[in-house]
$ cat model-v6.tsv   # TSV, C-alpha atoms
chain	number	residue	atom	x	y	z
O	1441	MET	CA	-90.42	-87.71	-225.22
O	1442	LEU	CA	-90.57	-85.55	-222.12
O	1443	SER	CA	-93.45	-83.25	-221.19
O	1444	PHE	CA	-93.32	-80.29	-218.81
O	1445	ASP	CA	-96.74	-79.77	-217.22
O	1446	PRO	CA	-98.75	-76.52	-217.50
O	1447	GLN	CA	-97.70	-73.99	-214.92
O	1448	THR	CA	-98.00	-70.30	-214.28
O	1449	ASN	CA	-94.56	-68.71	-214.07
O	1450	GLU	CA	-94.07	-65.81	-211.70
O	1451	ASN	CA	-90.58	-65.38	-213.20
O	1452	HIS	CA	-91.57	-64.10	-216.62
O	1453	PHE	CA	-88.18	-64.89	-218.14
O	1454	LEU	CA	-88.02	-68.58	-217.21
O	1455	PRO	CA	-90.12	-70.07	-220.07
O	1456	PHE	CA	-88.01	-68.27	-222.68
O	1457	ALA	CA	-84.68	-69.18	-221.12
O	1458	LEU	CA	-85.83	-72.77	-220.68
O	1459	THR	CA	-86.87	-72.98	-224.34
O	1460	ASP	CA	-83.32	-72.07	-225.37
O	1461	VAL	CA	-81.82	-74.66	-223.02
O	1462	LEU	CA	-84.15	-77.40	-224.25
O	1463	SER	CA	-83.57	-76.49	-227.90
O	1464	GLU	CA	-79.82	-76.80	-227.56
O	1465	TYR	CA	-80.17	-80.06	-225.64
O	1466	ALA	CA	-82.62	-81.46	-228.22
O	1467	GLY	CA	-80.14	-80.92	-231.02
O	1468	VAL	CA	-77.26	-82.58	-229.22
O	1469	HIS	CA	-79.15	-85.50	-227.69
O	1470	HIS	CA	-81.85	-86.04	-230.35
O	1471	GLN	CA	-84.56	-85.59	-227.72
O	1472	GLU	CA	-88.07	-84.16	-228.14
O	1473	PHE	CA	-89.83	-82.02	-225.54
O	1474	LEU	CA	-93.35	-80.71	-225.12
O	1475	HIS	CA	-93.50	-77.72	-222.81
O	1476	PHE	CA	-96.82	-76.22	-221.68
O	1477	TRP	CA	-96.65	-72.91	-219.84
O	1478	GLN	CA	-98.66	-69.85	-218.85
O	1479	LEU	CA	-97.91	-66.32	-217.69
O	1480	PRO	CA	-100.14	-64.11	-215.54
O	1481	ASP	CA	-101.48	-60.96	-217.25
O	1482	THR	CA	-98.60	-60.20	-219.61
O	1483	MET	CA	-98.00	-58.73	-223.03
O	1484	ILE	CA	-95.12	-60.54	-224.70
O	1485	LEU	CA	-93.45	-58.13	-227.11
O	1486	GLY	CA	-91.24	-58.85	-230.10
O	1487	MET	CA	-88.02	-56.92	-230.72
O	1488	LYS	CA	-89.76	-54.97	-233.49
O	1489	ASP	CA	-92.23	-53.68	-230.89
O	1490	THR	CA	-89.36	-51.97	-229.04
O	1491	ARG	CA	-88.66	-49.85	-232.13
O	1492	VAL	CA	-92.02	-48.04	-232.16
O	1493	PRO	CA	-91.55	-44.25	-231.94
O	1494	PHE	CA	-93.50	-43.83	-228.69
O	1495	PHE	CA	-92.52	-47.00	-226.85
O	1496	ASP	CA	-92.90	-45.54	-223.36
O	1497	GLU	CA	-96.45	-44.43	-224.07
O	1498	GLY	CA	-97.35	-47.91	-225.26
O	1499	ILE	CA	-95.87	-49.43	-222.12
O	1500	LYS	CA	-97.92	-47.02	-220.02
O	1501	VAL	CA	-101.12	-48.37	-221.64
O	1502	LEU	CA	-100.15	-51.94	-220.71
O	1503	THR	CA	-99.18	-51.24	-217.12
O	1504	ALA	CA	-102.28	-49.11	-216.54
O	1505	ALA	CA	-104.34	-52.15	-217.57
O	1506	GLY	CA	-102.43	-54.32	-215.10
O	1507	PHE	CA	-100.34	-56.16	-217.70
O	1508	GLN	CA	-96.61	-56.80	-217.38
O	1509	PRO	CA	-94.67	-56.16	-220.62
O	1510	ILE	CA	-91.83	-58.52	-221.50
O	1511	ILE	CA	-89.60	-58.76	-224.60
O	1512	ARG	CA	-89.19	-62.29	-225.91
O	1513	ASN	CA	-86.23	-63.90	-227.63
O	1514	SER	CA	-88.05	-65.07	-230.78
O	1515	GLY	CA	-89.50	-63.27	-233.76
O	1516	GLY	CA	-92.91	-61.77	-234.26
O	1517	LEU	CA	-94.91	-59.03	-232.60
O	1518	GLY	CA	-96.87	-58.61	-229.38
O	1519	VAL	CA	-99.28	-61.20	-227.96
O	1520	ILE	CA	-101.36	-61.29	-224.79
O	1521	ASN	CA	-101.04	-63.90	-222.06
O	1522	ASP	CA	-103.52	-64.43	-219.25
O	1523	ALA	CA	-105.29	-67.28	-217.46
O	1524	GLY	CA	-107.17	-68.31	-220.62
O	1525	VAL	CA	-104.11	-68.57	-222.88
O	1526	LEU	CA	-101.99	-71.72	-223.17
O	1527	ASN	CA	-98.45	-71.55	-224.52
O	1528	VAL	CA	-97.06	-74.65	-226.17
O	1529	SER	CA	-93.41	-75.20	-227.11
O	1530	TRP	CA	-92.66	-78.29	-229.17
O	1531	ILE	CA	-88.90	-78.72	-229.22
O	1532	PHE	CA	-87.05	-81.22	-231.40
O	1533	PRO	CA	-83.85	-81.81	-233.43
O	1534	LYS	CA	-83.48	-80.10	-236.80
O	1535	ALA	CA	-83.30	-83.53	-238.43
O	1536	LEU	CA	-87.08	-83.83	-237.96
O	1537	ALA	CA	-87.87	-80.68	-239.98
O	1538	ALA	CA	-85.55	-79.70	-242.80
O	1539	THR	CA	-87.18	-76.31	-243.45
O	1540	THR	CA	-88.83	-73.57	-241.44
O	1541	ASP	CA	-92.20	-74.33	-243.03
O	1542	ALA	CA	-91.82	-78.04	-242.28
O	1543	ALA	CA	-91.28	-77.24	-238.62
O	1544	TYR	CA	-94.38	-75.05	-238.50
O	1545	GLN	CA	-96.37	-77.74	-240.29
O	1546	ARG	CA	-95.69	-80.14	-237.43
O	1547	MET	CA	-97.57	-77.78	-235.09
O	1548	VAL	CA	-100.38	-77.36	-237.61
O	1549	ASP	CA	-100.72	-81.14	-237.88
O	1550	LEU	CA	-100.80	-81.38	-234.09
O	1551	MET	CA	-103.68	-78.91	-233.89
O	1552	HIS	CA	-105.59	-80.78	-236.59
O	1553	GLU	CA	-105.18	-84.02	-234.67
O	1554	ALA	CA	-106.09	-82.50	-231.30
O	1555	PHE	CA	-109.17	-80.55	-232.40
O	1556	PRO	CA	-110.87	-82.30	-235.33
O	1557	GLU	CA	-114.31	-80.81	-234.65
O	1558	LYS	CA	-113.81	-78.02	-237.20
O	1559	GLU	CA	-111.36	-77.19	-239.96
O	1560	ILE	CA	-108.33	-75.29	-238.69
O	1561	LEU	CA	-106.62	-73.26	-241.42
O	1562	ALA	CA	-103.02	-72.08	-241.45
O	1563	LYS	CA	-102.96	-68.68	-243.12
O	1564	GLU	CA	-102.27	-65.10	-242.15
O	1565	ILE	CA	-105.06	-63.16	-240.48
O	1566	PRO	CA	-103.75	-59.66	-241.33
O	1567	ASN	CA	-105.61	-57.56	-238.74
O	1568	SER	CA	-104.97	-59.93	-235.85
O	1569	TYR	CA	-102.21	-59.21	-233.40
O	1570	CYS	CA	-98.86	-60.78	-234.33
O	1571	PRO	CA	-100.06	-61.84	-237.81
O	1572	GLY	CA	-98.08	-64.50	-239.67
O	1573	THR	CA	-98.29	-67.11	-242.41
O	1574	PHE	CA	-98.96	-69.86	-239.89
O	1575	ASP	CA	-101.74	-68.16	-237.96
O	1576	LEU	CA	-104.31	-70.81	-237.03
O	1577	SER	CA	-107.95	-69.92	-237.55
O	1578	ILE	CA	-111.43	-71.41	-237.44
O	1579	ASP	CA	-114.19	-69.88	-239.58
O	1580	GLY	CA	-111.88	-67.01	-240.48
O	1581	LYS	CA	-111.05	-66.03	-236.89
O	1582	LYS	CA	-107.59	-66.53	-235.43
O	1583	ILE	CA	-107.36	-68.71	-232.33
O	1584	ALA	CA	-103.58	-69.27	-232.22
O	1585	GLY	CA	-100.31	-67.81	-233.41
O	1586	THR	CA	-96.94	-69.45	-233.92
O	1587	ALA	CA	-93.27	-68.51	-233.76
O	1588	GLN	CA	-90.07	-70.43	-234.26
O	1589	ARG	CA	-86.58	-70.31	-232.79
O	1590	ARG	CA	-83.57	-72.33	-233.98
O	1591	ILE	CA	-80.52	-72.81	-231.78
O	1592	LYS	CA	-77.64	-74.86	-233.13
O	1593	GLU	CA	-79.20	-78.23	-234.06
O	1594	GLY	CA	-82.44	-77.74	-232.17
O	1595	ILE	CA	-85.78	-76.17	-233.10
O	1596	ALA	CA	-88.53	-74.75	-230.91
O	1597	VAL	CA	-91.93	-74.21	-232.51
O	1598	MET	CA	-93.98	-72.12	-230.12
O	1599	MET	CA	-97.70	-71.48	-230.15
O	1600	TYR	CA	-100.01	-69.37	-228.05
O	1601	LEU	CA	-103.52	-70.77	-228.03
O	1602	SER	CA	-106.43	-68.61	-226.87
O	1603	VAL	CA	-108.42	-71.32	-225.11
O	1604	ASN	CA	-111.08	-69.28	-223.35
O	1605	GLY	CA	-111.66	-65.89	-221.79
O	1606	HIS	CA	-112.33	-62.44	-223.24
O	1607	GLN	CA	-110.56	-62.36	-226.59
O	1608	GLN	CA	-112.23	-59.06	-227.52
O	1609	GLN	CA	-110.62	-57.43	-224.48
O	1610	ARG	CA	-107.23	-58.92	-225.36
O	1611	GLY	CA	-107.48	-57.49	-228.85
O	1612	GLU	CA	-108.60	-54.09	-227.58
O	1613	LEU	CA	-105.57	-53.86	-225.27
O	1614	VAL	CA	-103.10	-54.73	-228.04
O	1615	LYS	CA	-104.82	-52.22	-230.32
O	1616	ARG	CA	-104.49	-49.50	-227.68
O	1617	PHE	CA	-100.80	-50.36	-227.24
O	1618	TYR	CA	-100.11	-49.82	-230.94
O	1619	GLN	CA	-102.29	-46.71	-231.13
O	1620	ALA	CA	-100.37	-45.15	-228.24
O	1621	SER	CA	-96.93	-46.24	-229.43
O	1622	LEU	CA	-97.42	-45.45	-233.13
O	1623	LYS	CA	-100.01	-42.62	-233.07
O	1624	GLU	CA	-100.67	-41.51	-236.67
O	1625	GLN	CA	-98.48	-44.37	-237.93
O	1626	PHE	CA	-100.87	-46.98	-236.51
O	1627	GLY	CA	-101.24	-49.89	-238.93
O	1628	THR	CA	-98.14	-48.98	-240.97
O	1629	ASN	CA	-94.49	-50.07	-241.24
O	1630	GLY	CA	-95.25	-53.71	-240.57
O	1631	TYR	CA	-97.30	-53.13	-237.42
O	1632	PRO	CA	-100.85	-54.54	-237.57
O	1633	ALA	CA	-103.97	-52.39	-237.59
O	1634	VAL	CA	-105.40	-54.68	-234.93
O	1635	ASP	CA	-109.09	-55.50	-235.28
O	1636	PRO	CA	-110.25	-57.38	-232.17
O	1637	ALA	CA	-113.10	-58.93	-234.18
O	1638	SER	CA	-110.56	-60.86	-236.29
O	1639	MET	CA	-109.79	-63.21	-233.39
O	1640	SER	CA	-111.62	-65.72	-231.23
O	1641	THR	CA	-110.99	-68.43	-228.65
O	1642	LEU	CA	-110.95	-72.19	-229.07
O	1643	GLN	CA	-113.97	-72.39	-226.78
O	1644	ASP	CA	-116.05	-69.92	-228.79
O	1645	ALA	CA	-114.94	-71.29	-232.16
O	1646	LEU	CA	-115.88	-74.87	-231.24
O	1647	GLN	CA	-118.93	-73.75	-229.26
O	1648	GLN	CA	-118.12	-75.96	-226.31
O	1649	PRO	CA	-116.48	-75.35	-222.93
O	1650	PHE	CA	-112.71	-75.80	-222.80
O	1651	SER	CA	-110.36	-75.35	-219.87
O	1652	VAL	CA	-106.65	-74.77	-220.38
O	1653	ALA	CA	-105.95	-78.17	-218.77
O	1654	GLU	CA	-108.35	-79.89	-221.19
O	1655	ALA	CA	-106.69	-78.22	-224.18
O	1656	ALA	CA	-103.24	-79.30	-222.96
O	1657	SER	CA	-104.48	-82.85	-222.46
O	1658	ARG	CA	-105.89	-82.96	-225.99
O	1659	LEU	CA	-102.61	-81.74	-227.44
O	1660	GLN	CA	-100.57	-84.25	-225.47
O	1661	GLU	CA	-102.79	-87.15	-226.50
O	1662	ALA	CA	-102.64	-86.00	-230.13
O	1663	LEU	CA	-98.86	-85.87	-230.01
O	1664	ILE	CA	-98.72	-89.45	-228.77
O	1665	ARG	CA	-100.89	-90.54	-231.70
O	1666	LEU	CA	-98.89	-88.57	-234.26
O	1667	THR	CA	-95.40	-89.54	-233.12
O	1668	LYS	CA	-96.25	-92.98	-231.74
O	1669	GLN	CA	-94.04	-92.12	-228.77
O	1670	SER	CA	-94.81	-92.32	-225.08
O	1671	ILE	CA	-94.60	-89.09	-223.07
O	1672	SER	CA	-93.07	-88.91	-219.61
O	1673	PRO	CA	-94.02	-85.89	-217.45
O	1674	VAL	CA	-91.13	-84.27	-215.61
O	1675	ALA	CA	-90.70	-81.23	-213.36
O	1676	VAL	CA	-88.56	-78.43	-214.78
O	1677	THR	CA	-86.36	-78.13	-211.69
O	1678	ASP	CA	-85.74	-81.88	-211.59
O	1679	TRP	CA	-84.78	-82.05	-215.26
O	1680	ILE	CA	-82.41	-79.07	-215.00
O	1681	ALA	CA	-80.63	-80.60	-212.01
O	1682	GLN	CA	-80.46	-84.14	-213.39
O	1683	ASN	CA	-79.03	-82.98	-216.72
O	1684	LYS	CA	-76.63	-80.41	-215.29
O	1685	GLN	CA	-78.17	-77.52	-217.21
O	1686	SER	CA	-78.22	-74.96	-214.38
O	1687	ALA	CA	-75.28	-72.91	-215.69
O	1688	LEU	CA	-76.71	-72.70	-219.21
O	1689	LEU	CA	-80.13	-71.76	-217.84
O	1690	GLU	CA	-78.56	-68.97	-215.82
O	1691	THR	CA	-76.76	-67.70	-218.92
O	1692	ARG	CA	-80.02	-67.67	-220.89
O	1693	MET	CA	-81.81	-65.92	-218.02
O	1694	THR	CA	-79.13	-63.22	-218.04
O	1695	SER	CA	-79.67	-62.77	-221.77
O	1696	MET	CA	-83.38	-62.26	-221.17
O	1697	TYR	CA	-82.69	-59.65	-218.49
O	1698	GLN	CA	-80.42	-57.80	-220.90
O	1699	ARG	CA	-82.98	-58.04	-223.71
O	1700	ASN	CA	-85.55	-56.42	-221.44
O	1701	GLN	CA	-83.46	-53.34	-220.61
O	1702	PRO	CA	-85.71	-51.08	-222.74
O	1703	ILE	CA	-88.58	-51.91	-220.38
O	1704	LYS	CA	-86.49	-51.44	-217.24
O	1705	GLU	CA	-85.37	-48.05	-218.57
O	1706	SER	CA	-88.91	-46.91	-219.38
O	1707	PRO	CA	-90.10	-44.22	-216.93
O	1708	ASN	CA	-93.40	-46.00	-216.28
O	1709	GLU	CA	-93.91	-48.02	-213.12
O	1710	HIS	CA	-93.51	-51.78	-213.55
O	1711	SER	CA	-91.18	-54.50	-212.38
O	1712	LEU	CA	-89.50	-57.53	-213.86
$ encode --input "model-v6.tsv" --output "structure tokens"
Amino acid sequence: MLSFDPQTNENHFLPFALTDVLSEYAGVHHQEFLHFWQLPDTMILGMKDTRVPFFDEGIKVLTAAGFQPIIRNSGGLGVINDAGVLNVSWIFPKALAATTDAAYQRMVDLMHEAFPEKEILAKEIPNSYCPGTFDLSIDGKKIAGTAQRRIKEGIAVMMYLSVNGHQQQRGELVKRFYQASLKEQFGTNGYPAVDPASMSTLQDALQQPFSVAEAASRLQEALIRLTKQSISPVAVTDWIAQNKQSALLETRMTSMYQRNQPIKESPNEHSL
């Protein structure tokens, strides 16, 4: 199994394009990947978020707070990324998870193995941002959310993990985005009535200090125990070059640029 080390990506589209490339490769070559990544102050939006009636006003809230909006290529709704949030993509062939739930369960099992200090439940936390059946919570407060993307014979199960930092402020920003973009429709039509108090961080939930690097290390060690495989770290640029994936990566990057046209066309000031 190959592991891509935690990194902060100044090109906001790269982690999403890379996930697609790795997913396709995983299906063809029966390879597993563990990709850790971070984005500087960003709100990652789902496609459903672009259909809010006052999208431009929501974007204005984000940019005024210093957050870059970006539209991802997987399902779900908006989530916050900053220095205290770790993104984890576990990518593997479909043969290892016959159903969507089975694929999500692999990530749940990984979290259980990595952080055994307290019970981590997989259930929807309705008033969190980006609520879903496989929300991960401790003592009733969500610390992580998951999404899934399937490309040909490969699967990517993606998780954002709030490791440390000001989760209340993250929740308040997402709430303000939906209040501005939905107005009187806030909390309706499948958009969450975000309650910042419904969420926490890994650090606060376990009541012990955690850095993003420590959380990534725990997850990597847990994966080795679960899969009984060794993990070889590799640099993204080296892997792309060695496996002749540059053209496919460029294609996927172009798709991300096209997907983000609604943001580029918004009258508010921001750049991608």
$ closest_residue --input "model-v6.tsv" --among "O:Arg1665, O:Arg1590, O:Lys1582, O:Arg1546" --to "Ala1637 of chain O" --atoms "all atoms listed in the file"
O:Lys1582
$ closest_residue --input "model-v6.tsv" --among "O:Lys1615, O:Lys1581, O:His1475, O:Lys1488" --to "Glu1559 of chain O" --atoms "only C-alpha atoms"
O:Lys1581
$ closest_atom_pairs --input "model-v6.tsv" --of "segment 1445-1558 of chain O" --to "segment 1563-1573 of chain O" --cutoff "9 Å" --atoms "all atoms listed in the file" --output "JSON lines"
{"residue": "O:Gly1486", "atom": "CA", "partner": "O:Cys1570", "partner_atom": "CA", "distance": 8.9}
{"residue": "O:Gly1516", "atom": "CA", "partner": "O:Cys1570", "partner_atom": "CA", "distance": 6.0}
{"residue": "O:Leu1517", "atom": "CA", "partner": "O:Cys1570", "partner_atom": "CA", "distance": 4.7}
{"residue": "O:Gly1518", "atom": "CA", "partner": "O:Cys1570", "partner_atom": "CA", "distance": 5.8}
{"residue": "O:Val1519", "atom": "CA", "partner": "O:Cys1570", "partner_atom": "CA", "distance": 6.4}
{"residue": "O:Ile1520", "atom": "CA", "partner": "O:Tyr1569", "partner_atom": "CA", "distance": 8.9}
$ closest_residue --input "model-v6.tsv" --among "O:Gly1467, O:Ala1645, O:Ala1457, O:Asp1489" --to "Gly1630 of chain O" --atoms "only C-alpha atoms"
O:Asp1489
$ atom_distance --input "model-v6.tsv" --atom1 "atom CA of Ile1591 of chain O" --atom2 "atom CA of Gln1471 of chain O"
14.0 Å
$ closest_residue --input "model-v6.tsv" --among "O:Ser1640, O:Ser1577, O:Thr1503, O:Asn1629" --to "Gly1611 of chain O" --atoms "only C-alpha atoms"
O:Ser1640
$ residues_around --input "model-v6.tsv" --residues "Trp1679 of chain O" --least-positions-apart "2" --cutoff "12 Å" --atoms "only C-alpha atoms" --output "PDB file with C-alpha atoms, keeping the file's coordinate frame"
ATOM      1  CA  LEU O1442     -90.570 -85.550-222.120  1.00  0.00           C
ATOM      2  CA  SER O1443     -93.450 -83.250-221.190  1.00  0.00           C
ATOM      3  CA  PHE O1444     -93.320 -80.290-218.810  1.00  0.00           C
ATOM      4  CA  LEU O1458     -85.830 -72.770-220.680  1.00  0.00           C
ATOM      5  CA  VAL O1461     -81.820 -74.660-223.020  1.00  0.00           C
ATOM      6  CA  LEU O1462     -84.150 -77.400-224.250  1.00  0.00           C
ATOM      7  CA  TYR O1465     -80.170 -80.060-225.640  1.00  0.00           C
ATOM      8  CA  PHE O1473     -89.830 -82.020-225.540  1.00  0.00           C
ATOM      9  CA  SER O1672     -93.070 -88.910-219.610  1.00  0.00           C
ATOM     10  CA  PRO O1673     -94.020 -85.890-217.450  1.00  0.00           C
ATOM     11  CA  VAL O1674     -91.130 -84.270-215.610  1.00  0.00           C
ATOM     12  CA  ALA O1675     -90.700 -81.230-213.360  1.00  0.00           C
ATOM     13  CA  VAL O1676     -88.560 -78.430-214.780  1.00  0.00           C
ATOM     14  CA  THR O1677     -86.360 -78.130-211.690  1.00  0.00           C
ATOM     15  CA  ALA O1681     -80.630 -80.600-212.010  1.00  0.00           C
ATOM     16  CA  GLN O1682     -80.460 -84.140-213.390  1.00  0.00           C
ATOM     17  CA  ASN O1683     -79.030 -82.980-216.720  1.00  0.00           C
ATOM     18  CA  LYS O1684     -76.630 -80.410-215.290  1.00  0.00           C
ATOM     19  CA  GLN O1685     -78.170 -77.520-217.210  1.00  0.00           C
ATOM     20  CA  SER O1686     -78.220 -74.960-214.380  1.00  0.00           C
ATOM     21  CA  LEU O1689     -80.130 -71.760-217.840  1.00  0.00           C
TER      22      LEU O1689
END
$ axis_aligned_box --input "model-v6.tsv" --around "segment 1570-1573 of chain O" --padding-each-side "6 Å" --output "lines of an AutoDock Vina configuration file"
center_x = -99.1
center_y = -63.9
center_z = -238.4
size_x = 14.0
size_y = 18.3
size_z = 20.1
$ closest_residue --input "model-v6.tsv" --among "O:Phe1574, O:Tyr1544, O:Phe1555, O:Phe1532" --to "Leu1659 of chain O" --atoms "only C-alpha atoms"
O:Phe1555
$ atom_distance --input "model-v6.tsv" --atom1 "atom CA of Gln1643 of chain O" --atom2 "atom CA of Asn1527 of chain O"
15.7 Å
$ atom_distance --input "model-v6.tsv" --atom1 "atom CA of Leu1642 of chain O" --atom2 "atom CA of Asn1521 of chain O"
14.7 Å
$ closest_residue --input "model-v6.tsv" --among "O:Ala1662, O:Leu1526, O:Leu1485, O:Ala1656" --to "Arg1512 of chain O" --atoms "only C-alpha atoms"
O:Leu1485
$ residues_around --input "model-v6.tsv" --residues "Ala1596 of chain O" --least-positions-apart "5" --cutoff "6 Å" --atoms "only C-alpha atoms" --output "NGL selection string"
:O and (1530-1531 or 1588-1589)
$ closest_atom_pairs --input "model-v6.tsv" --of "segment 1568-1663 of chain O" --to "segment 1534-1540 of chain O" --cutoff "6 Å" --atoms "only C-alpha atoms" --output "Markdown table"
| residue | atom | partner | partner_atom | distance |
| --- | --- | --- | --- | --- |
| O:Glu1593 | CA | O:Lys1534 | CA | 5.4 |
| O:Gly1594 | CA | O:Lys1534 | CA | 5.3 |
| O:Ile1595 | CA | O:Lys1534 | CA | 5.9 |
$ residues_around --input "model-v6.tsv" --residues "Gly1605 of chain O" --least-positions-apart "2" --cutoff "12 Å" --atoms "only C-alpha atoms" --output "list in words"
Ile1520, Asn1521, Asp1522, Ala1523, Gly1524, Val1525, Leu1526, Ile1583, Leu1601, Ser1602, Val1603, Gln1607, Gln1608, Gln1609, Arg1610, Gly1611, Ser1640, Thr1641, Leu1642, Gln1643, Asp1644, Pro1649, Phe1650, Ser1651 and Val1652 of chain O
$ residues_near_point --input "model-v6.tsv" --point "(-99.4, -78.6, -236.2)" --cutoff "12 Å" --atoms "only C-alpha atoms" --output "PyMOL selection string"
chain O and resi 1528-1530+1541-1555+1560-1562+1574-1576+1584-1586+1597-1599+1659+1662-1663+1666
$ write_last_selection --input "model-v6.tsv" --atoms "C-alpha atoms" --output "tab-separated table (two decimals), keeping the file's coordinate frame"
chain	number	residue	atom	x	y	z
O	1528	VAL	CA	-97.06	-74.65	-226.17
O	1529	SER	CA	-93.41	-75.20	-227.11
O	1530	TRP	CA	-92.66	-78.29	-229.17
O	1541	ASP	CA	-92.20	-74.33	-243.03
O	1542	ALA	CA	-91.82	-78.04	-242.28
O	1543	ALA	CA	-91.28	-77.24	-238.62
O	1544	TYR	CA	-94.38	-75.05	-238.50
O	1545	GLN	CA	-96.37	-77.74	-240.29
O	1546	ARG	CA	-95.69	-80.14	-237.43
O	1547	MET	CA	-97.57	-77.78	-235.09
O	1548	VAL	CA	-100.38	-77.36	-237.61
O	1549	ASP	CA	-100.72	-81.14	-237.88
O	1550	LEU	CA	-100.80	-81.38	-234.09
O	1551	MET	CA	-103.68	-78.91	-233.89
O	1552	HIS	CA	-105.59	-80.78	-236.59
O	1553	GLU	CA	-105.18	-84.02	-234.67
O	1554	ALA	CA	-106.09	-82.50	-231.30
O	1555	PHE	CA	-109.17	-80.55	-232.40
O	1560	ILE	CA	-108.33	-75.29	-238.69
O	1561	LEU	CA	-106.62	-73.26	-241.42
O	1562	ALA	CA	-103.02	-72.08	-241.45
O	1574	PHE	CA	-98.96	-69.86	-239.89
O	1575	ASP	CA	-101.74	-68.16	-237.96
O	1576	LEU	CA	-104.31	-70.81	-237.03
O	1584	ALA	CA	-103.58	-69.27	-232.22
O	1585	GLY	CA	-100.31	-67.81	-233.41
O	1586	THR	CA	-96.94	-69.45	-233.92
O	1597	VAL	CA	-91.93	-74.21	-232.51
O	1598	MET	CA	-93.98	-72.12	-230.12
O	1599	MET	CA	-97.70	-71.48	-230.15
O	1659	LEU	CA	-102.61	-81.74	-227.44
O	1662	ALA	CA	-102.64	-86.00	-230.13
O	1663	LEU	CA	-98.86	-85.87	-230.01
O	1666	LEU	CA	-98.89	-88.57	-234.26
$ residues_near_point --input "model-v6.tsv" --point "(-87.2, -52.2, -220.2)" --cutoff "12 Å" --atoms "only C-alpha atoms" --output "JSON, numbers by chain"
{"O": [1485, 1487, 1489, 1490, 1495, 1496, 1499, 1500, 1508, 1509, 1510, 1511, 1512, 1696, 1697, 1698, 1699, 1700, 1701, 1702, 1703, 1704, 1705, 1706, 1707, 1708, 1709, 1710, 1711, 1712]}
